[in-house]
4 protein chains.
Amino acid sequence: YGKNTIKFLRLHREGKKHFVKEVEVCAHLRLTSPQEYLDGNNSLVIPTDTIKNIVLVLAKKNGIPSLEQFAIDICNHFMTTFCQVAYVKAYVQEVPWQRLHEDGVPHIHSFICVPDGIRFCEAEQCRNGPLIVFAGIKDLKLMKTTQSGFEGFYKNEHTTLPERHDRILCGELFCKWSYGECKDFDFNCIWKKIRECILEAFAGPPDCGEYSPSYQKTVNCIQMLVLSRVSQVQVIEVILNNTFYNVVDMKNLGLTNDKEVLVPVEAPYGSCACTLGRKKFFEA
Amino acid sequence: YGKNTIKFLRLHREGKKHFVKEVEVCAHLRLTSPQEYLDGNNSLVIPTDTIKNIVLVLAKKNGIPSLEQFAIDICNHFMTTFCQVAYVKAYVQEVPWQRLHEDGVPHIHSFICVPDGIRFCEAEQCRNGPLIVFAGIKDLKLMKTTQSGFEGFYKNEHTTLPERHDRILCGELFCKWSYGECKDFDFNCIWKKIRECILEAFAGPPDCGEYSPSYQKTVNCIQMLVLSRVSQVQVIEVILNNTFYNVVDMKNLGLTNDKEVLVPVEAPYGSCACTLGRKKFFEA
Amino acid sequence: YGKNTIKFLRLHREGKKHFVKEVEVCAHLRLTSPQEYLDGNNSLVIPTDTIKNIVLVLAKKNGIPSLEQFAIDICNHFMTTFCQVAYVKAYVQEVPWQRLHEDGVPHIHSFICVPDGIRFCEAEQCRNGPLIVFAGIKDLKLMKTTQSGFEGFYKNEHTTLPERHDRILCGELFCKWSYGECKDFDFNCIWKKIRECILEAFAGPPDCGEYSPSYQKTVNCIQMLVLSRVSQVQVIEVILNNTFYNVVDMKNLGLTNDKEVLVPVEAPYGSCACTLGRKKFFEA
Amino acid sequence: YGKNTIKFLRLHREGKKHFVKEVEVCAHLRLTSPQEYLDGNNSLVIPTDTIKNIVLVLAKKNGIPSLEQFAIDICNHFMTTFCQVAYVKAYVQEVPWQRLHEDGVPHIHSFICVPDGIRFCEAEQCRNGPLIVFAGIKDLKLMKTTQSGFEGFYKNEHTTLPERHDRILCGELFCKWSYGECKDFDFNCIWKKIRECILEAFAGPPDCGEYSPSYQKTVNCIQMLVLSRVSQVQVIEVILNNTFYNVVDMKNLGLTNDKEVLVPVEAPYGSCACTLGRKKFFEA
């Protein structure tokens, strides 16, 4: 029980300069005994209202140096304080406020919301078990207008899709990775580096791109690049929800449409998901 | 790979009387070899476009006698037809069209959308494994305006919640259950019976209700009633996402508010989830 | 200024039987002087927090006998209390809670949310002007699976649509009407009657339906029926946002699809809107 | 009738460099005769399918040099081609694709979606009337963490809001302006300039900001700055939907919260709207 969407803003001031971190926190707990379900005995139940208070107090006391550190703080607090807690999971998601700039000059207390990929993290712990930390990015929408195709696939009597060697690749990315033994990582720095890897693997070199033979292969390229460049990542999961674009047939309208006008197809959309670890390989 | 939100409407006619079933289908596949991820070799890949065609062809040929039977048909088709498929999952969700009535007379071809709980199901199968069928209801919003409280909970220095023995219990229910060995069940009839159990366990007797000491206990009551009344259900999972209602303090405004005017609190909201089986007990 | 989405629940008890009315209220004000915009002088500004308090106090004192009466109460209060208010508009929308029934027996305090058409109303008044009351229904989704076509339309070189005399008509309806001089109307009763008119005009007789030659004609039929049956309605506006359903061509798949499997087309969708009064005629 | 949400992507190539413009177009028509509503006579009705074809053909032939020019093209086409059209309105909204950069180098064919304020425009024309062009920005979320207050407002027995001279100002902006006689404006350049004015007026100087005594005054400042800097703008409408942030009272929890931890209040939220022209003044 105990999911708890707690939204708040943590304001930090250094002189006249302000820093904001607005987050949404969900905390899940599992207790050692199921008595509140079976008997309606609430004596060990920590009310969600108390959970909310604790999260706000931790934000006040510790600040939010990184989402990951804050999620770790929450897990530690519940494990240390409540012996009836058998398991705790803390999910933290950020509202993407960026400092406003006027003619290149950063503003001391004004911000703009720029949702080009949402940062999140998760920390979880079983009593007597290790603390596991995940981080990720979601709602990252990318498009490449060429250097993508889909050919040589399996065909039977239900196949109507033609082969294509030059199509638009467009989709929404979800990436989530786990860290190994959590030492003193610079979570903010690693997150930025991984975001750059994702963009680079998706797009290829700026002057020519790189051909993608399928969504699956692009997903794999992203995973391989992150694992090769960022040693702290143990396992990485990537989900790519594709939007297809159909070239509009304009023959009836007396025109030749050389992939200039395309219509997005909202549903059915495809999705491909893959989880890749350092030694083992899962596919889902 | 291969999630695929396929939306379509299956129209069935008996003389002048029409029957509609509008559904949203997602099909997931896992292939025996990951070569398309690693090498970009697509030779075994069944395009999502082909998956869509197969789903539509099955709907045309078999109709949709029940969501569950349709999901089973999809799984069977992929397992039987494609030896490269190692795993298949089919999710089917219904658009809640109900026949229109005029002065109590059913209309032969007119329908109204009544989203008071969405029916869905899921069937999944690994090669050489059993076919497993789940069914469920989601987005079912219920409220009781009394016979609910929350007392005797754990307290410490972060507790600010007062004890309450008469509050509003309001939430959105998600229930999902699994069937055991799938014989010739009447899935439509069972689903209706379970929906009635949920409402009865939530509300209690019409003339007096039944006191709920916590969300957790209400969740457990729903599970116990379904398991006792519907023998085909093996395991049942229930998630209750609560909306809290605060009694507005009107003392400053010179009025006594006897729980007459309440304000819903959108976030933080609580959630409690529990999975209950016939012999074993999980709590999540 | 002063729009203000105020959500609350008004609970009314008669012995052990409970009645709920959960609403969302927006109140707009215009002041006689624009000084707060020009000079930043706030001395006449009624804070939105005060507006919220007033709405809650009125709900506590007067209850909500009908949405319309409550909107009228709000307008009256602001006009009477604040001489700096030049114009007030109150919009009230209902959360569609319905009493739960068990085996046909109504429950005394349990409710289920059934969003099959949302009721709303609006009252507005300029100082020294009349009080004008509107009411309406929105998010009402209807479908008829035959007795609808579209033929004989204008054609030119950009026309690719074929003529059809048997298609699915499906759409989301928005209706809003105004009352004339507001006497002691039974707003609840009138609203129910108009809802029935809409369903009847959309669907036609239960045993055979009625042919619709276009969305526009169906919109007009709804308006005509309401105006002829409900004398209190002065002007009625109807907007119908259509969802198109395409019959899937299965020739390539070796099947004849006799309008049995259809796919909804999400965008582009059509919309037709018409406003019809007792004497004059507007079209938009 | 004839609203028509048409989504498409226009791809333009210059050598290997690609440019994308993905838009959503709505076209409204009013015909000279209401016969299709009254008689079901469709002979003058231009099907929404034809409207869609026309929009796509115009995109193919003319490209989309600016949203405004494309909306003008649509209006011109309908007025010139169809004598039964009495009025036409074209609304065009952009999907905010931005060119991807790797280490500062622009990519030739890869893009990222950055929704930090959505650009839109509208052109409308009555037969024999002038062509009127509007442009705007919406869904622009801004925040300043200080230099905002609300004091000296009107008080009575329903007032519970305390005066505040240092609060967070956060809101979603909607701005829409009209151009006068449409000559050969550089619409893209003007739009960027207005966006900068909005940010500057909202935030004030980067090193100190500027005090806002109310949302209304901030709205007015934005309008005044745009009108003074951009001579092509005739009338400007601004709507600011505020999110309030409450400082969490932590006294019960033994802590002093110096505006460090704040909780957003989702509803009720306030809104203030104002329309300002060059000579006249409206307030709504």
# chains A, B, ... in the order shown; residues from 1 in each chain; ligands from 1
call {"tool": "residues_around", "arguments": {"residues": "segment 137-142 of chain D", "least_positions_apart": "3", "cutoff": "6 Å", "atoms": "only C-alpha atoms", "output": "list in words"}}
result
Phe111, Ile112 and Cys113 of chain A; Asp116, Gly117, Ile118, Arg119, Cys170, Gly171, Glu172, Leu173, Phe174 and Cys175 of chain D
call {"tool": "interface_residues", "arguments": {"of": "chain A", "to": "chain B", "cutoff": "8 Å", "atoms": "only C-alpha atoms", "output": "PyMOL selection string"}}
result
chain A and resi 1-7+30+34+36-50+52-54+150-155+158-161+213-214+216-217+219-220+267-274+283-284
call {"tool": "select_by_dssp", "arguments": {"residues": "segment 70-202 of chain C", "states": "helix (DSSP H, G or I)", "output": "ChimeraX atom specification"}}
result
/C:70-81,187-202
call {"tool": "residues_around", "arguments": {"residues": "Thr146 of chain A", "least_positions_apart": "4", "cutoff": "8 Å", "atoms": "only C-alpha atoms", "output": "PDB file with N, CA and C atoms, in the first residue's frame"}}
result
ATOM      1  N   ASP A 166      13.520   3.921 -47.266  1.00  0.00           N
ATOM      2  CA  ASP A 166      13.669   5.325 -46.869  1.00  0.00           C
ATOM      3  C   ASP A 166      12.356   5.805 -46.260  1.00  0.00           C
ATOM      4  N   ARG A 167      12.262   5.679 -44.958  1.00  0.00           N
ATOM      5  CA  ARG A 167      11.048   6.100 -44.279  1.00  0.00           C
ATOM      6  C   ARG A 167      11.413   7.041 -43.138  1.00  0.00           C
ATOM      7  N   ILE A 168      10.386   7.629 -42.540  1.00  0.00           N
ATOM      8  CA  ILE A 168      10.611   8.470 -41.361  1.00  0.00           C
ATOM      9  C   ILE A 168      10.614   7.576 -40.127  1.00  0.00           C
ATOM     10  N   LEU A 169      11.559   7.814 -39.243  1.00  0.00           N
ATOM     11  CA  LEU A 169      11.582   7.099 -37.971  1.00  0.00           C
ATOM     12  C   LEU A 169      11.241   8.113 -36.885  1.00  0.00           C
TER      13      LEU A 169
ATOM     14  N   HIS D 109      19.244  15.825 -40.441  1.00  0.00           N
ATOM     15  CA  HIS D 109      17.890  15.266 -40.599  1.00  0.00           C
ATOM     16  C   HIS D 109      17.290  14.691 -39.315  1.00  0.00           C
TER      17      HIS D 109
END
call {"tool": "closest_residue", "arguments": {"among": "D:Leu255, D:Val263, D:Met79, D:Leu276", "to": "Val226 of chain D", "atoms": "only C-alpha atoms"}}
result
D:Leu276
call {"tool": "residues_around", "arguments": {"residues": "Arg229 of chain D", "least_positions_apart": "5", "cutoff": "12 Å", "atoms": "only C-alpha atoms", "output": "compact mmCIF listing (two decimals) with N, CA, C and O atoms, in the first residue's frame"}}
result
# COMPACT_ATOMS: atom_id res chain seq x y z
N ILE D 190 8.61 38.14 -36.58
CA ILE D 190 7.76 38.85 -35.62
C ILE D 190 7.38 37.94 -34.45
O ILE D 190 7.39 38.34 -33.29
N LYS D 193 10.14 37.64 -31.99
CA LYS D 193 10.32 38.90 -31.26
C LYS D 193 9.26 39.02 -30.15
O LYS D 193 9.57 39.43 -29.02
N ILE D 194 8.03 38.64 -30.46
CA ILE D 194 6.96 38.74 -29.46
C ILE D 194 7.20 37.75 -28.32
O ILE D 194 7.00 38.07 -27.15
N ARG D 195 7.66 36.55 -28.67
CA ARG D 195 7.97 35.58 -27.62
C ARG D 195 9.02 36.15 -26.65
O ARG D 195 8.90 36.01 -25.44
N GLU D 196 10.02 36.82 -27.20
CA GLU D 196 11.04 37.44 -26.34
C GLU D 196 10.46 38.54 -25.46
O GLU D 196 10.81 38.67 -24.29
N CYS D 197 9.58 39.35 -26.03
CA CYS D 197 8.92 40.40 -25.24
C CYS D 197 8.17 39.80 -24.06
O CYS D 197 8.20 40.32 -22.94
N ILE D 198 7.45 38.70 -24.32
CA ILE D 198 6.65 38.07 -23.27
C ILE D 198 7.57 37.63 -22.12
O ILE D 198 7.30 37.92 -20.94
N GLU D 200 10.56 38.67 -21.40
CA GLU D 200 11.19 39.83 -20.75
C GLU D 200 10.21 40.53 -19.81
O GLU D 200 10.57 40.87 -18.67
N ALA D 201 8.98 40.72 -20.28
CA ALA D 201 7.99 41.42 -19.44
C ALA D 201 7.61 40.58 -18.22
O ALA D 201 7.35 41.11 -17.14
N ILE D 222 2.97 42.66 -20.10
CA ILE D 222 3.27 41.90 -21.31
C ILE D 222 2.63 42.58 -22.52
O ILE D 222 3.27 42.80 -23.55
N GLN D 223 1.37 42.95 -22.37
CA GLN D 223 0.67 43.58 -23.48
C GLN D 223 1.30 44.91 -23.87
O GLN D 223 1.49 45.20 -25.06
N MET D 224 1.64 45.72 -22.87
CA MET D 224 2.22 47.04 -23.15
C MET D 224 3.55 46.90 -23.88
O MET D 224 3.83 47.64 -24.82
N GLN D 234 -1.99 44.79 -33.68
CA GLN D 234 -3.08 45.73 -33.46
C GLN D 234 -3.73 45.53 -32.09
O GLN D 234 -3.94 46.47 -31.35
call {"tool": "atom_distance", "arguments": {"atom1": "atom CA of Met250 of chain B", "atom2": "atom CA of Leu56 of chain C"}}
result
9.1 Å
call {"tool": "closest_residue", "arguments": {"among": "A:Asp258, A:Pro264, A:Gly209, A:Glu14", "to": "Asn246 of chain A", "atoms": "only C-alpha atoms"}}
result
A:Pro264
call {"tool": "select_by_dssp", "arguments": {"residues": "segment 130-246 of chain A", "states": "strand (DSSP E)", "output": "ChimeraX atom specification"}}
result
/A:131-144,169-179,233-242,244-246
call {"tool": "residues_around", "arguments": {"residues": "segment 177-188 of chain B", "least_positions_apart": "4", "cutoff": "6 Å", "atoms": "only C-alpha atoms", "output": "list in words"}}
result
Val133, Phe134, Ala135, Gln232, Val233, Gln234, Val235 and Ile236 of chain B
call {"tool": "closest_residue", "arguments": {"among": "B:Val85, B:Val105, B:Val114, B:Ala123", "to": "Asp73 of chain B", "atoms": "only C-alpha atoms"}}
result
B:Ala123
call {"tool": "decode", "arguments": {"residues": "segment 30-42 of chain C", "atoms": "all heavy atoms", "output": "mmCIF file, in the first residue's frame"}}
result
data_model
loop_
_atom_site.group_PDB
_atom_site.id
_atom_site.type_symbol
_atom_site.label_atom_id
_atom_site.label_comp_id
_atom_site.auth_asym_id
_atom_site.auth_seq_id
_atom_site.Cartn_x
_atom_site.Cartn_y
_atom_site.Cartn_z
ATOM 1 N N ARG C 30 -15.893 40.821 -14.012
ATOM 2 C CA ARG C 30 -15.272 41.989 -14.632
ATOM 3 C C ARG C 30 -15.603 43.175 -13.751
ATOM 4 O O ARG C 30 -16.769 43.358 -13.362
ATOM 5 C CB ARG C 30 -15.805 42.201 -16.050
ATOM 6 C CG ARG C 30 -14.955 43.166 -16.835
ATOM 7 C CD ARG C 30 -15.256 43.138 -18.333
ATOM 8 N NE ARG C 30 -16.651 43.445 -18.585
ATOM 9 C CZ ARG C 30 -17.435 42.715 -19.372
ATOM 10 N NH1 ARG C 30 -16.961 41.658 -20.003
ATOM 11 N NH2 ARG C 30 -18.701 43.052 -19.549
ATOM 12 N N LEU C 31 -14.600 43.953 -13.462
ATOM 13 C CA LEU C 31 -14.828 45.076 -12.554
ATOM 14 C C LEU C 31 -15.162 46.338 -13.351
ATOM 15 O O LEU C 31 -14.902 46.415 -14.554
ATOM 16 C CB LEU C 31 -13.595 45.309 -11.680
ATOM 17 C CG LEU C 31 -13.171 44.109 -10.812
ATOM 18 C CD1 LEU C 31 -12.020 44.510 -9.895
ATOM 19 C CD2 LEU C 31 -14.345 43.577 -9.995
ATOM 20 N N THR C 32 -15.721 47.299 -12.658
ATOM 21 C CA THR C 32 -16.112 48.537 -13.332
ATOM 22 C C THR C 32 -14.893 49.363 -13.758
ATOM 23 O O THR C 32 -14.975 50.138 -14.697
ATOM 24 C CB THR C 32 -16.988 49.396 -12.391
ATOM 25 O OG1 THR C 32 -16.359 49.437 -11.118
ATOM 26 C CG2 THR C 32 -18.369 48.809 -12.240
ATOM 27 N N SER C 33 -13.778 49.152 -13.069
ATOM 28 C CA SER C 33 -12.590 49.936 -13.409
ATOM 29 C C SER C 33 -11.422 49.005 -13.713
ATOM 30 O O SER C 33 -11.233 48.004 -13.030
ATOM 31 C CB SER C 33 -12.228 50.841 -12.231
ATOM 32 O OG SER C 33 -10.829 51.053 -12.198
ATOM 33 N N PRO C 34 -10.630 49.323 -14.726
ATOM 34 C CA PRO C 34 -9.471 48.478 -15.044
ATOM 35 C C PRO C 34 -8.219 48.890 -14.274
ATOM 36 O O PRO C 34 -7.115 48.560 -14.688
ATOM 37 C CB PRO C 34 -9.293 48.727 -16.546
ATOM 38 C CG PRO C 34 -9.710 50.145 -16.727
ATOM 39 C CD PRO C 34 -10.780 50.420 -15.693
ATOM 40 N N GLN C 35 -8.367 49.568 -13.172
ATOM 41 C CA GLN C 35 -7.186 50.154 -12.514
ATOM 42 C C GLN C 35 -6.175 49.110 -12.056
ATOM 43 O O GLN C 35 -4.982 49.380 -12.002
ATOM 44 C CB GLN C 35 -7.614 51.035 -11.339
ATOM 45 C CG GLN C 35 -8.172 50.245 -10.170
ATOM 46 C CD GLN C 35 -8.777 51.153 -9.104
ATOM 47 O OE1 GLN C 35 -9.164 52.283 -9.371
ATOM 48 N NE2 GLN C 35 -8.855 50.647 -7.890
ATOM 49 N N GLU C 36 -6.661 47.870 -11.750
ATOM 50 C CA GLU C 36 -5.681 46.883 -11.284
ATOM 51 C C GLU C 36 -4.791 46.433 -12.425
ATOM 52 O O GLU C 36 -3.664 45.996 -12.201
ATOM 53 C CB GLU C 36 -6.374 45.693 -10.585
ATOM 54 C CG GLU C 36 -6.856 44.588 -11.492
ATOM 55 C CD GLU C 36 -8.278 44.814 -11.972
ATOM 56 O OE1 GLU C 36 -8.699 45.989 -12.028
ATOM 57 O OE2 GLU C 36 -8.951 43.829 -12.307
ATOM 58 N N TYR C 37 -5.271 46.515 -13.669
ATOM 59 C CA TYR C 37 -4.418 46.178 -14.800
ATOM 60 C C TYR C 37 -3.430 47.301 -15.087
ATOM 61 O O TYR C 37 -2.258 47.073 -15.330
ATOM 62 C CB TYR C 37 -5.258 45.916 -16.062
ATOM 63 C CG TYR C 37 -5.951 44.588 -16.034
ATOM 64 C CD1 TYR C 37 -7.234 44.451 -15.540
ATOM 65 C CD2 TYR C 37 -5.296 43.446 -16.502
ATOM 66 C CE1 TYR C 37 -7.859 43.226 -15.509
ATOM 67 C CE2 TYR C 37 -5.917 42.207 -16.477
ATOM 68 C CZ TYR C 37 -7.199 42.100 -15.973
ATOM 69 O OH TYR C 37 -7.808 40.892 -15.949
ATOM 70 N N LEU C 38 -3.932 48.537 -15.024
ATOM 71 C CA LEU C 38 -3.101 49.657 -15.448
ATOM 72 C C LEU C 38 -2.127 50.098 -14.364
ATOM 73 O O LEU C 38 -0.958 50.337 -14.626
ATOM 74 C CB LEU C 38 -4.007 50.827 -15.861
ATOM 75 C CG LEU C 38 -4.955 50.467 -17.018
ATOM 76 C CD1 LEU C 38 -5.860 51.648 -17.326
ATOM 77 C CD2 LEU C 38 -4.147 50.076 -18.255
ATOM 78 N N ASP C 39 -2.594 50.194 -13.141
ATOM 79 C CA ASP C 39 -1.760 50.783 -12.086
ATOM 80 C C ASP C 39 -1.246 49.771 -11.078
ATOM 81 O O ASP C 39 -0.458 50.110 -10.214
ATOM 82 C CB ASP C 39 -2.568 51.825 -11.305
ATOM 83 C CG ASP C 39 -3.337 52.757 -12.222
ATOM 84 O OD1 ASP C 39 -2.831 53.010 -13.337
ATOM 85 O OD2 ASP C 39 -4.421 53.204 -11.820
ATOM 86 N N GLY C 40 -1.750 48.529 -11.170
ATOM 87 C CA GLY C 40 -1.393 47.604 -10.103
ATOM 88 C C GLY C 40 -2.060 47.973 -8.792
ATOM 89 O O GLY C 40 -1.627 47.565 -7.727
ATOM 90 N N ASN C 41 -3.154 48.740 -8.881
ATOM 91 C CA ASN C 41 -3.907 49.102 -7.681
ATOM 92 C C ASN C 41 -4.939 48.016 -7.416
ATOM 93 O O ASN C 41 -5.869 47.822 -8.189
ATOM 94 C CB ASN C 41 -4.583 50.465 -7.914
ATOM 95 C CG ASN C 41 -5.455 50.873 -6.747
ATOM 96 O OD1 ASN C 41 -5.866 50.050 -5.921
ATOM 97 N ND2 ASN C 41 -5.734 52.163 -6.657
ATOM 98 N N ASN C 42 -4.791 47.299 -6.296
ATOM 99 C CA ASN C 42 -5.624 46.138 -6.026
ATOM 100 C C ASN C 42 -6.833 46.440 -5.147
ATOM 101 O O ASN C 42 -7.540 45.521 -4.740
ATOM 102 C CB ASN C 42 -4.789 45.056 -5.323
ATOM 103 C CG ASN C 42 -3.678 44.519 -6.217
ATOM 104 O OD1 ASN C 42 -3.842 44.457 -7.429
ATOM 105 N ND2 ASN C 42 -2.567 44.151 -5.619
#
